[in-house]
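Text of the file model_29.csv, holding CSV, C-alpha atoms and all ligand atoms:
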```csv
chain,number,residue,atom,x,y,z
Q,1217,MET,CA,13.2,92.2,-15.1
Q,1218,GLU,CA,12.0,89.3,-17.3
Q,1219,PRO,CA,14.4,86.4,-17.5
Q,1220,LYS,CA,16.1,86.2,-20.9
Q,1221,LEU,CA,17.5,83.4,-23.0
Q,1222,ILE,CA,21.0,84.1,-24.1
Q,1223,GLY,CA,21.4,82.8,-27.6
Q,1224,ALA,CA,20.2,83.0,-31.2
Q,1225,PRO,CA,16.6,83.5,-32.3
Q,1226,LEU,CA,14.9,80.4,-33.7
Q,1227,PRO,CA,11.7,81.6,-35.4
Q,1228,ASN,CA,10.9,78.1,-36.7
Q,1229,ILE,CA,11.0,76.5,-33.2
Q,1230,PRO,CA,8.2,73.9,-32.9
Q,1231,PHE,CA,5.6,75.3,-30.4
Q,1232,GLU,CA,2.0,74.9,-29.4
Q,1233,GLU,CA,-0.1,76.8,-26.9
Q,1234,ARG,CA,-0.6,75.4,-23.4
Q,1235,THR,CA,-3.2,72.7,-23.2
Q,1236,GLU,CA,-2.5,71.1,-19.8
Q,1237,GLN,CA,-3.4,72.9,-16.6
Q,1238,ASN,CA,-1.6,70.7,-14.1
Q,1239,GLY,CA,0.5,73.3,-12.3
Q,1240,LEU,CA,3.7,72.1,-14.0
Q,1241,PRO,CA,5.8,74.3,-16.3
Q,1242,PHE,CA,5.8,72.0,-19.3
Q,1243,TRP,CA,2.9,70.9,-21.4
Q,1244,ARG,CA,2.9,68.1,-24.1
Q,1245,SER,CA,2.5,68.3,-27.8
Q,1246,ALA,CA,-1.0,67.3,-29.0
Q,1247,LYS,CA,1.0,65.3,-31.7
Q,1248,ASN,CA,2.8,63.1,-29.2
Q,1249,PRO,CA,4.4,60.7,-29.7
Q,1250,ILE,CA,6.1,62.3,-32.7
Q,1251,ILE,CA,8.1,59.2,-33.5
Q,1252,TYR,CA,6.3,55.9,-32.9
Q,1253,ARG,CA,7.4,52.3,-32.9
Q,1254,ASN,CA,9.2,50.8,-35.9
Q,1255,PRO,CA,10.0,54.2,-37.5
Q,1256,VAL,CA,12.4,52.8,-40.2
Q,1257,LYS,CA,13.5,49.4,-41.5
Q,1258,GLY,CA,15.5,47.6,-38.9
Q,1259,VAL,CA,14.7,49.9,-36.0
Q,1260,ALA,CA,12.2,48.9,-33.4
Q,1261,ARG,CA,12.2,52.0,-31.2
Q,1262,ILE,CA,13.6,55.5,-31.2
Q,1263,TYR,CA,13.4,57.4,-27.9
Q,1264,ASN,CA,16.1,59.2,-25.8
Q,1265,SER,CA,17.5,61.5,-28.6
Q,1266,ALA,CA,18.9,64.9,-29.5
Q,1267,VAL,CA,17.6,67.5,-31.9
Q,1268,VAL,CA,19.5,70.7,-32.9
Q,1269,PRO,CA,19.0,73.5,-35.3
Q,1270,PHE,CA,20.7,72.7,-38.6
Q,1271,GLY,CA,20.6,74.7,-41.9
Q,1272,ASP,CA,17.0,75.9,-42.4
Q,1273,GLY,CA,15.7,73.1,-40.3
Q,1274,PHE,CA,16.9,70.6,-37.7
Q,1275,ALA,CA,19.2,67.6,-37.4
Q,1276,ALA,CA,18.9,64.8,-34.9
Q,1277,VAL,CA,21.1,62.1,-33.5
Q,1278,PHE,CA,18.7,59.3,-32.4
Q,1279,ARG,CA,19.0,56.4,-30.1
Q,1280,GLY,CA,17.5,53.5,-32.1
Q,1281,ASP,CA,17.2,50.0,-30.7
Q,1282,THR,CA,17.6,47.5,-33.5
Q,1283,LEU,CA,15.3,44.5,-34.1
Q,1284,ASN,CA,17.9,42.4,-32.2
Q,1285,GLY,CA,17.6,44.7,-29.2
Q,1286,TRP,CA,20.9,46.5,-29.6
Q,1287,PRO,CA,21.2,50.3,-29.1
Q,1288,LEU,CA,22.9,52.3,-31.9
Q,1289,LEU,CA,23.0,55.9,-33.1
Q,1290,TYR,CA,21.1,57.1,-36.2
Q,1291,VAL,CA,20.9,60.5,-38.0
Q,1292,GLY,CA,17.7,62.3,-39.0
Q,1293,PHE,CA,16.7,65.6,-40.6
Q,1294,SER,CA,13.6,67.6,-40.3
Q,1295,LYS,CA,12.1,70.8,-41.7
Q,1296,ASN,CA,9.6,71.4,-38.9
Q,1297,GLY,CA,11.0,69.6,-35.8
Q,1298,TYR,CA,8.1,67.1,-35.8
Q,1299,THR,CA,8.6,64.8,-38.7
Q,1300,PHE,CA,12.0,63.3,-39.5
Q,1301,ASP,CA,13.7,61.6,-42.4
Q,1302,ILE,CA,15.7,59.0,-40.5
Q,1303,CYS,CA,18.7,57.2,-42.2
Q,1304,GLU,CA,18.3,53.5,-42.1
Q,1305,ARG,CA,22.0,52.9,-41.6
Q,1306,PRO,CA,23.4,53.6,-38.2
Q,1307,ILE,CA,26.1,56.3,-37.9
Q,1308,CYS,CA,29.6,55.1,-38.8
Q,1309,MET,CA,32.3,57.2,-37.2
Q,1310,GLU,CA,35.9,57.6,-38.2
Q,1311,GLN,CA,38.9,58.1,-35.9
Q,1312,GLU,CA,41.2,61.1,-36.1
Q,1313,ASP,CA,43.6,59.0,-38.3
Q,1314,GLY,CA,40.8,58.2,-40.8
Q,1315,LYS,CA,40.3,54.6,-39.7
Q,1316,PRO,CA,36.7,53.5,-38.9
Q,1317,TYR,CA,35.7,53.6,-35.2
Q,1318,ALA,CA,34.1,50.4,-34.3
Q,1319,MET,CA,31.2,51.5,-32.0
Q,1320,GLU,CA,30.1,48.6,-29.8
Q,1321,TYR,CA,26.9,50.3,-28.8
Q,1322,GLY,CA,25.6,53.8,-28.5
Q,1323,TYR,CA,22.7,55.2,-26.5
Q,1324,ASP,CA,21.2,58.4,-25.0
Q,1325,PRO,CA,23.0,60.9,-27.3
Q,1326,ARG,CA,23.2,64.6,-26.6
Q,1327,VAL,CA,24.4,67.2,-29.2
Q,1328,VAL,CA,25.7,70.6,-28.6
Q,1329,GLN,CA,26.8,73.3,-31.1
Q,1330,VAL,CA,29.9,75.2,-30.5
Q,1331,GLY,CA,30.7,77.6,-33.4
Q,1332,ASP,CA,30.2,75.6,-36.6
Q,1333,THR,CA,31.0,72.3,-34.9
Q,1334,TYR,CA,28.4,69.9,-33.4
Q,1335,TYR,CA,29.7,67.8,-30.5
Q,1336,VAL,CA,27.9,64.5,-29.9
Q,1337,LEU,CA,28.1,62.7,-26.6
Q,1338,TRP,CA,26.5,59.4,-25.9
Q,1339,CYS,CA,26.9,56.3,-23.7
Q,1340,ASP,CA,29.6,54.3,-25.5
Q,1341,GLY,CA,31.1,50.9,-24.9
Q,1342,LEU,CA,34.8,50.9,-24.0
Q,1343,GLN,CA,35.7,47.2,-24.3
Q,1344,GLY,CA,32.1,46.5,-23.4
Q,1345,GLN,CA,32.0,48.8,-20.4
Q,1346,PRO,CA,29.7,51.9,-20.4
Q,1347,THR,CA,31.3,55.4,-20.5
Q,1348,ILE,CA,30.9,58.6,-22.4
Q,1349,GLY,CA,31.9,58.8,-26.1
Q,1350,LEU,CA,32.7,62.2,-27.8
Q,1351,ALA,CA,32.6,62.9,-31.5
Q,1352,GLU,CA,32.3,65.9,-33.7
Q,1353,THR,CA,30.6,66.7,-37.0
Q,1354,LYS,CA,29.9,69.7,-39.1
Q,1355,ASP,CA,27.4,68.2,-41.5
Q,1356,PHE,CA,25.8,65.1,-39.8
Q,1357,LYS,CA,27.4,63.0,-42.5
Q,1358,LYS,CA,31.0,62.7,-41.3
Q,1359,PHE,CA,31.5,62.1,-37.6
Q,1360,ILE,CA,35.0,62.1,-36.1
Q,1361,PHE,CA,35.4,60.1,-32.9
Q,1362,ARG,CA,37.3,62.2,-30.2
Q,1363,GLY,CA,37.7,59.6,-27.5
Q,1364,HIS,CA,36.3,59.0,-24.0
Q,1365,PRO,CA,36.5,62.0,-21.7
Q,1366,VAL,CA,36.1,59.9,-18.6
Q,1367,LEU,CA,36.8,56.3,-17.5
Q,1368,PRO,CA,34.1,53.6,-17.3
Q,1369,TYR,CA,31.7,53.5,-15.7
Q,1370,SER,CA,29.8,56.6,-16.6
Q,1371,ARG,CA,26.7,57.8,-18.4
Q,1372,ASN,CA,24.7,60.9,-19.2
Q,1373,GLY,CA,27.7,63.0,-20.5
Q,1374,VAL,CA,26.5,66.5,-21.4
Q,1375,LEU,CA,28.7,69.4,-22.6
Q,1376,PHE,CA,28.0,73.1,-21.9
Q,1377,PRO,CA,27.4,74.9,-25.2
Q,1378,ARG,CA,30.5,77.2,-24.7
Q,1379,LYS,CA,33.7,77.4,-22.8
Q,1380,ILE,CA,33.4,78.9,-19.4
Q,1381,GLY,CA,36.5,80.7,-18.0
Q,1382,GLY,CA,38.5,79.3,-21.0
Q,1383,GLU,CA,37.5,75.7,-20.4
Q,1384,TYR,CA,35.0,73.2,-21.7
Q,1385,VAL,CA,32.7,71.9,-19.0
Q,1386,LEU,CA,31.3,68.4,-19.0
Q,1387,LEU,CA,28.6,66.9,-16.8
Q,1388,THR,CA,28.7,63.1,-16.2
Q,1389,ARG,CA,27.1,60.6,-13.9
Q,1390,PRO,CA,29.6,58.0,-12.7
Q,1391,SER,CA,27.9,54.6,-12.5
Q,1392,ASP,CA,28.4,50.8,-12.7
Q,1393,GLN,CA,27.9,48.1,-15.3
Q,1394,GLY,CA,24.2,47.7,-15.0
Q,1395,HIS,CA,21.0,49.5,-14.0
Q,1396,THR,CA,22.9,51.6,-11.6
Q,1397,PRO,CA,21.0,52.0,-8.3
Q,1398,TYR,CA,22.8,55.3,-7.3
Q,1399,GLY,CA,24.1,58.4,-9.1
Q,1400,ASP,CA,25.2,62.0,-8.6
Q,1401,ILE,CA,26.0,64.6,-11.3
Q,1402,TYR,CA,29.7,65.6,-11.6
Q,1403,LEU,CA,31.5,68.3,-13.5
Q,1404,SER,CA,34.9,67.9,-15.3
Q,1405,TYR,CA,36.9,70.6,-17.1
Q,1406,SER,CA,39.1,70.6,-20.2
Q,1407,LYS,CA,41.0,73.2,-22.3
Q,1408,ASP,CA,41.2,71.0,-25.4
Q,1409,LEU,CA,38.4,68.4,-25.2
Q,1410,THR,CA,41.1,65.7,-24.8
Q,1411,TYR,CA,42.4,66.0,-21.2
Q,1412,TRP,CA,39.8,66.3,-18.5
Q,1413,GLY,CA,40.2,67.0,-14.8
Q,1414,LYS,CA,39.3,69.2,-11.9
Q,1415,HIS,CA,36.3,66.8,-11.3
Q,1416,LYS,CA,33.8,68.2,-8.9
Q,1417,LEU,CA,30.5,67.0,-7.4
Q,1418,LEU,CA,27.6,69.2,-8.6
Q,1419,MET,CA,24.3,67.7,-7.3
Q,1420,GLN,CA,23.1,64.6,-5.5
Q,1421,PRO,CA,19.5,63.3,-5.2
Q,1422,LYS,CA,17.4,65.4,-2.8
Q,1423,SER,CA,13.7,65.0,-3.1
Q,1424,SER,CA,11.7,61.8,-2.9
Q,1425,TRP,CA,10.9,61.7,-6.7
Q,1426,GLU,CA,14.6,61.6,-7.5
Q,1427,ARG,CA,15.9,59.8,-4.4
Q,1428,LEU,CA,17.7,56.9,-6.2
Q,1429,LYS,CA,19.8,58.8,-8.8
Q,1430,ILE,CA,20.0,61.8,-11.0
Q,1431,GLY,CA,21.7,62.5,-14.4
Q,1432,ALA,CA,22.0,65.6,-16.6
Q,1433,GLY,CA,19.5,65.9,-19.4
Q,1434,PRO,CA,19.7,68.3,-22.4
Q,1435,ALA,CA,22.8,70.6,-22.8
Q,1436,PRO,CA,22.4,73.5,-20.2
Q,1437,ILE,CA,20.6,76.5,-21.5
Q,1438,GLU,CA,22.2,79.9,-20.9
Q,1439,THR,CA,19.9,82.5,-19.4
Q,1440,SER,CA,20.2,85.9,-17.7
Q,1441,GLU,CA,19.4,84.0,-14.4
Q,1442,GLY,CA,22.1,81.3,-14.8
Q,1443,TRP,CA,22.5,78.0,-16.7
Q,1444,LEU,CA,19.2,76.2,-16.8
Q,1445,LEU,CA,19.9,72.5,-16.2
Q,1446,LEU,CA,17.1,70.1,-16.9
Q,1447,TYR,CA,17.9,66.6,-15.5
Q,1448,HIS,CA,16.3,63.3,-14.9
Q,1449,GLY,CA,15.7,62.0,-11.5
Q,1450,VAL,CA,14.8,58.4,-10.6
Q,1451,THR,CA,12.8,57.0,-7.7
Q,1452,GLN,CA,12.3,53.3,-6.9
Q,1453,THR,CA,8.8,51.9,-6.3
Q,1454,CYS,CA,7.8,48.3,-5.5
Q,1455,SER,CA,7.3,47.8,-9.2
Q,1456,GLY,CA,10.4,49.4,-10.6
Q,1457,TYR,CA,12.1,52.7,-11.4
Q,1458,VAL,CA,10.2,55.9,-12.2
Q,1459,TYR,CA,12.1,58.6,-14.3
Q,1460,SER,CA,10.9,62.2,-14.0
Q,1461,MET,CA,12.5,65.6,-14.9
Q,1462,GLY,CA,13.9,68.2,-12.5
Q,1463,GLY,CA,15.4,71.7,-13.0
Q,1464,ALA,CA,18.2,73.8,-11.5
Q,1465,LEU,CA,19.9,77.1,-12.1
Q,1466,LEU,CA,23.7,77.2,-12.0
Q,1467,ASP,CA,25.9,80.2,-11.8
Q,1468,ARG,CA,26.9,81.5,-15.3
Q,1469,ASP,CA,30.6,82.0,-14.4
Q,1470,ASP,CA,31.0,79.1,-12.0
Q,1471,PRO,CA,28.5,76.3,-12.9
Q,1472,SER,CA,29.6,74.3,-9.9
Q,1473,LYS,CA,27.5,76.7,-7.9
Q,1474,VAL,CA,23.8,75.7,-7.7
Q,1475,LEU,CA,21.8,78.9,-7.3
Q,1476,HIS,CA,18.3,77.3,-7.3
Q,1477,ARG,CA,16.9,73.8,-7.6
Q,1478,SER,CA,13.3,72.8,-7.9
Q,1479,GLU,CA,12.0,70.6,-5.0
Q,1480,ASN,CA,9.3,69.2,-7.2
Q,1481,TYR,CA,9.6,67.6,-10.6
Q,1482,LEU,CA,8.9,69.6,-13.8
Q,1483,LEU,CA,7.6,66.6,-15.8
Q,1484,THR,CA,6.7,63.1,-14.7
Q,1485,PRO,CA,5.1,60.0,-16.5
Q,1486,GLU,CA,1.4,60.7,-16.8
Q,1487,LYS,CA,0.3,59.9,-20.4
Q,1488,GLU,CA,-0.2,56.3,-21.5
Q,1489,TYR,CA,2.8,56.5,-23.9
Q,1490,GLU,CA,5.0,57.5,-20.9
Q,1491,CYS,CA,3.6,54.9,-18.5
Q,1492,VAL,CA,3.3,51.9,-20.8
Q,1493,GLY,CA,6.1,50.5,-23.1
Q,1494,PHE,CA,9.3,48.6,-23.1
Q,1495,VAL,CA,10.3,50.2,-19.8
Q,1496,PRO,CA,7.3,51.7,-18.1
Q,1497,ASN,CA,7.1,55.1,-16.3
Q,1498,VAL,CA,10.0,56.9,-18.0
Q,1499,VAL,CA,10.3,60.4,-19.2
Q,1500,PHE,CA,14.0,61.0,-20.3
Q,1501,PRO,CA,14.9,64.5,-21.6
Q,1502,CYS,CA,17.9,64.7,-24.0
Q,1503,SER,CA,17.6,68.0,-25.9
Q,1504,THR,CA,15.9,71.4,-26.1
Q,1505,LEU,CA,15.4,74.1,-28.8
Q,1506,THR,CA,15.2,77.7,-27.6
Q,1507,ASP,CA,14.1,80.9,-29.2
Q,1508,SER,CA,15.7,84.0,-27.6
Q,1509,VAL,CA,13.1,86.4,-29.0
Q,1510,THR,CA,10.0,84.8,-27.5
Q,1511,GLY,CA,11.6,82.8,-24.6
Q,1512,ARG,CA,10.0,79.6,-26.0
Q,1513,ILE,CA,11.5,76.3,-25.2
Q,1514,ALA,CA,10.8,73.0,-27.0
Q,1515,LEU,CA,11.9,69.9,-25.1
Q,1516,TYR,CA,12.5,66.5,-26.7
Q,1517,TYR,CA,12.2,63.5,-24.5
Q,1518,GLY,CA,12.1,59.7,-24.7
Q,1519,CYS,CA,9.0,57.9,-23.3
Q,1520,ALA,CA,9.0,54.5,-21.7
Q,1521,ASP,CA,12.1,53.5,-23.7
Q,1522,THR,CA,9.7,53.2,-26.7
Q,1523,VAL,CA,8.7,56.4,-28.4
Q,1524,PHE,CA,9.9,60.0,-28.8
Q,1525,SER,CA,7.9,63.1,-27.8
Q,1526,LEU,CA,7.9,66.9,-27.5
Q,1527,ALA,CA,6.8,69.2,-24.7
Q,1528,PHE,CA,6.8,73.0,-24.5
Q,1529,SER,CA,7.3,75.9,-22.0
Q,1530,THR,CA,8.6,79.4,-21.8
Q,1531,LEU,CA,11.6,80.5,-19.9
Q,1532,ASP,CA,9.7,82.7,-17.4
Q,1533,GLN,CA,7.3,79.8,-16.5
Q,1534,ILE,CA,10.3,77.5,-15.8
Q,1535,ILE,CA,12.3,80.0,-13.8
Q,1536,ASN,CA,9.3,81.0,-11.7
Q,1537,TYR,CA,8.6,77.3,-11.0
Q,1538,ILE,CA,12.2,76.5,-10.1
Q,1539,ILE,CA,12.6,79.5,-7.8
Q,1540,GLY,CA,9.1,79.1,-6.3
Q,1541,SER,CA,8.9,75.4,-5.7
Q,1601,LIG,C1,18.8,54.2,-18.1
Q,1601,LIG,C2,19.2,54.4,-19.6
Q,1601,LIG,C3,18.2,55.0,-20.3
Q,1601,LIG,C4,16.8,54.5,-20.1
Q,1601,LIG,C5,16.5,54.3,-18.6
Q,1601,LIG,C6,15.2,53.6,-18.3
Q,1601,LIG,O1,19.8,53.5,-17.4
Q,1601,LIG,O2,19.5,53.1,-20.1
Q,1601,LIG,O3,18.5,54.9,-21.7
Q,1601,LIG,O4,15.8,55.3,-20.6
Q,1601,LIG,O5,17.6,53.6,-18.0
Q,1601,LIG,O6,15.3,52.3,-18.8
```

Please rewrite the model in this file as structure tokens.
Amino acid sequence: MEPKLIGAPLPNIPFEERTEQNGLPFWRSAKNPIIYRNPVKGVARIYNSAVVPFGDGFAAVFRGDTLNGWPLLYVGFSKNGYTFDICERPICMEQEDGKPYAMEYGYDPRVVQVGDTYYVLWCDGLQGQPTIGLAETKDFKKFIFRGHPVLPYSRNGVLFPRKIGGEYVLLTRPSDQGHTPYGDIYLSYSKDLTYWGKHKLLMQPKSSWERLKIGAGPAPIETSEGWLLLYHGVTQTCSGYVYSMGGALLDRDDPSKVLHRSENYLLTPEKEYECVGFVPNVVFPCSTLTDSVTGRIALYYGCADTVFSLAFSTLDQIINYIIGS
């Protein structure tokens, strides 16, 4: 039986036929990078960011680094998934009591749609210390801050796109204050998105390309074979960190069970825009679009902490690779 994507059709998914024959399941867009340096006034670089279906097109929450080097979150809208109208003003959130939420910094956002609500998770500063921020929006104009699910220090907070066994499930990567030289992926559970517990270790680094640390990437994708988790893995070389992408399949009813995990990376820095930039040798996946009719998957990823790109695959190619490698 062909593996199937569980979810809605997305006939306008950005997609291009395979161009690269390198034995890996993903191939890059010929239009990469789709967002280049200095995309709007005041923003030097947009990279690790999330794109979701919205209306008859797409909405995005971008990580944008300002001209003074500070990371903030920005909204964008697109009809085709390639070109975005990006708002020049960073996102201003309000708290549940209507008062403004003073975001110290924000980076590496993920967005997941549950019903008619979009949940945004990002690396937020809690009195200066990095941890996960959670907010909700219905229209990408008004964002309501919903607190910090876990204590500092943590990064790479990613929510599953539906409750599992009556609970929301969150992936995090506990860390430290700086360029954390370690990291495993953990699961936490909540009935109400406010109180989180039952923390469990999900995965630790395994292969050489990810031996330093791993962190969840886009929101897990529900498939007939389990939850497809794409994640980043980091290795250390004598000239710095290298960020690649791995893949695993988790049990649909109990995502703490890893059914399969690829020994080899699914994407690694190869192109000049991935190898050269503000931080060289980084591919950092943060979101996917999926079309359940064709099995097509579009992956958005940041490159070298400088530009934003797209890659493509289909579910069968990814599953065969993860199970076979
Ligand atoms: C991580 C995060 C990412 C970044 C990566 C490489 O710690 O800060 O935003 O892409 O480092 O610099």

Checklist entry - Please, what distance in Å, to one decimal, runs between atom CA of Val1474 of chain Q and atom CA of Tyr1517 of chain Q? => result 23.8 Å

Item to check | Surrounding residues of Gly1314 of chain Q excluding itself and chain neighbours under 5 positions, 10 Å, only C-alpha atoms, as number ranges by chain | outcome: Q: 1309, 1360-1361

Contacts of Trp1425 of chain Q at 9 Å or less, counting all atoms listed in the file, minus same-chain residues fewer than 4 places along, as a CSV table (one decimal) with C-alpha atoms, keeping the file's coordinate frame?
```
chain,number,residue,atom,x,y,z
Q,1421,PRO,CA,19.5,63.3,-5.2
Q,1449,GLY,CA,15.7,62.0,-11.5
Q,1450,VAL,CA,14.8,58.4,-10.6
Q,1451,THR,CA,12.8,57.0,-7.7
Q,1452,GLN,CA,12.3,53.3,-6.9
Q,1458,VAL,CA,10.2,55.9,-12.2
Q,1459,TYR,CA,12.1,58.6,-14.3
Q,1460,SER,CA,10.9,62.2,-14.0
Q,1480,ASN,CA,9.3,69.2,-7.2
Q,1481,TYR,CA,9.6,67.6,-10.6
```

Closest-contact table, chain Q side, partner ligand LIG 1601 (chain Q), 7 Å, counting all atoms listed in the file, as a Markdown table:
```
| residue | atom | partner | partner_atom | distance |
| --- | --- | --- | --- | --- |
| Q:Asn1264 | CA | Q:LIG1601 | O3 | 6.4 |
| Q:Tyr1323 | CA | Q:LIG1601 | O3 | 6.4 |
| Q:Asp1324 | CA | Q:LIG1601 | O3 | 5.5 |
| Q:His1395 | CA | Q:LIG1601 | O1 | 5.4 |
| Q:Thr1396 | CA | Q:LIG1601 | O1 | 6.8 |
| Q:Val1495 | CA | Q:LIG1601 | O6 | 5.5 |
| Q:Val1498 | CA | Q:LIG1601 | C6 | 6.2 |
| Q:Phe1500 | CA | Q:LIG1601 | O4 | 6.0 |
| Q:Ala1520 | CA | Q:LIG1601 | O4 | 6.9 |
| Q:Asp1521 | CA | Q:LIG1601 | O4 | 5.2 |
```

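In this comparison, which uses only C-alpha atoms, the residue of Q:Arg1512, Q:Arg1427, Q:Arg1477, Q:Lys1295 approaching Asp1400 of chain Q most closely is Q:Arg1427.
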
Checklist entry - Which one of Q:Ser1503, Q:Ile1348, Q:Cys1491, Q:Glu1320 sits closest to Ala1527 of chain Q if you count all atoms listed in the file? => result Q:Ser1503

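For the choices Q:Arg1279, Q:Lys1379, Q:Arg1253, Q:Arg1326, the atom-to-atom distance to Thr1522 of chain Q is smallest for Q:Arg1253 when using all atoms listed in the file.
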
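Each of Q:Thr1353, Q:Gln1311, Q:Thr1510, Q:Ser1404 was compared to Pro1471 of chain Q using all atoms listed in the file, and Q:Ser1404 turns out to be the nearest.
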
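Checking Q:Gly1297, Q:Gly1493, Q:Gly1442, Q:Pro1287 one by one against Gly1273 of chain Q, counting all atoms listed in the file, you find the shortest gap at Q:Gly1297.
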
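Interatomic distance, atom CA of Arg1234 of chain Q to atom CA of Ile1535 of chain Q: 16.7 Å.
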
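Between Pro1230 of chain Q and the candidates Q:Glu1490, Q:Asp1507, Q:Asp1355, Q:Glu1438, the tightest atom-to-atom separation, counting all atoms listed in the file, involves Q:Asp1507.
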
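Take atom CA of Thr1388 of chain Q and atom CA of Val1366 of chain Q: the distance between them is 8.4 Å.
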
Checklist entry - Which protein, DNA or RNA residues are at most 10 Å from (20.6, 61.5, -14.3) in the file's coordinates when you count all atoms listed in the file, listed as JSON, numbers by chain? => result {"Q": [1371, 1372, 1373, 1387, 1388, 1389, 1390, 1398, 1399, 1400, 1401, 1420, 1421, 1426, 1428, 1429, 1430, 1431, 1432, 1433, 1446, 1447, 1448, 1449, 1450, 1459, 1460, 1461, 1462, 1500, 1501]}

Item to check | Contact residues around Arg1378 of chain Q with all atoms listed in the file at 9 Å, ignoring same-chain residues under 5 positions, as a ChimeraX atom specification | outcome: /Q:1329-1331,1383-1385

Can you rebuild segment 1347-1366 of chain Q with N, CA and C atoms and give it as a CSV table (one decimal), keeping the file's coordinate frame?
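The result, written out as rebuild.csv:
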```csv
chain,number,residue,atom,x,y,z
Q,1347,THR,N,30.8,54.0,-20.9
Q,1347,THR,CA,31.3,55.4,-20.5
Q,1347,THR,C,30.9,56.4,-21.6
Q,1348,ILE,N,31.4,57.6,-21.5
Q,1348,ILE,CA,30.9,58.6,-22.4
Q,1348,ILE,C,31.8,58.6,-23.7
Q,1349,GLY,N,31.2,58.6,-24.8
Q,1349,GLY,CA,31.9,58.8,-26.1
Q,1349,GLY,C,31.7,60.3,-26.6
Q,1350,LEU,N,32.7,60.8,-27.2
Q,1350,LEU,CA,32.7,62.2,-27.8
Q,1350,LEU,C,33.0,62.2,-29.2
Q,1351,ALA,N,32.2,62.8,-30.1
Q,1351,ALA,CA,32.6,62.9,-31.5
Q,1351,ALA,C,32.2,64.3,-32.0
Q,1352,GLU,N,32.7,64.6,-33.1
Q,1352,GLU,CA,32.3,65.9,-33.7
Q,1352,GLU,C,31.9,65.8,-35.2
Q,1353,THR,N,31.0,66.7,-35.6
Q,1353,THR,CA,30.6,66.7,-37.0
Q,1353,THR,C,30.2,68.1,-37.3
Q,1354,LYS,N,30.3,68.4,-38.6
Q,1354,LYS,CA,29.9,69.7,-39.1
Q,1354,LYS,C,28.6,69.6,-40.0
Q,1355,ASP,N,28.4,68.3,-40.5
Q,1355,ASP,CA,27.4,68.2,-41.5
Q,1355,ASP,C,26.4,67.0,-41.2
Q,1356,PHE,N,26.6,66.3,-40.1
Q,1356,PHE,CA,25.8,65.1,-39.8
Q,1356,PHE,C,26.0,64.0,-40.8
Q,1357,LYS,N,27.1,64.1,-41.6
Q,1357,LYS,CA,27.4,63.0,-42.5
Q,1357,LYS,C,28.7,62.3,-42.0
Q,1358,LYS,N,29.7,63.2,-41.8
Q,1358,LYS,CA,31.0,62.7,-41.3
Q,1358,LYS,C,31.2,63.0,-39.8
Q,1359,PHE,N,31.4,61.9,-39.1
Q,1359,PHE,CA,31.5,62.1,-37.6
Q,1359,PHE,C,32.9,61.6,-37.2
Q,1360,ILE,N,33.6,62.5,-36.5
Q,1360,ILE,CA,35.0,62.1,-36.1
Q,1360,ILE,C,35.0,61.8,-34.6
Q,1361,PHE,N,35.4,60.6,-34.3
Q,1361,PHE,CA,35.4,60.1,-32.9
Q,1361,PHE,C,36.6,60.8,-32.1
Q,1362,ARG,N,36.3,61.4,-31.0
Q,1362,ARG,CA,37.3,62.2,-30.2
Q,1362,ARG,C,37.7,61.5,-28.9
Q,1363,GLY,N,37.2,60.3,-28.7
Q,1363,GLY,CA,37.7,59.6,-27.5
Q,1363,GLY,C,36.7,59.6,-26.4
Q,1364,HIS,N,37.1,59.1,-25.2
Q,1364,HIS,CA,36.3,59.0,-24.0
Q,1364,HIS,C,36.8,59.9,-23.0
Q,1365,PRO,N,36.1,61.0,-22.7
Q,1365,PRO,CA,36.5,62.0,-21.7
Q,1365,PRO,C,36.8,61.4,-20.3
Q,1366,VAL,N,36.0,60.4,-19.9
Q,1366,VAL,CA,36.1,59.9,-18.6
Q,1366,VAL,C,36.2,58.3,-18.7
```
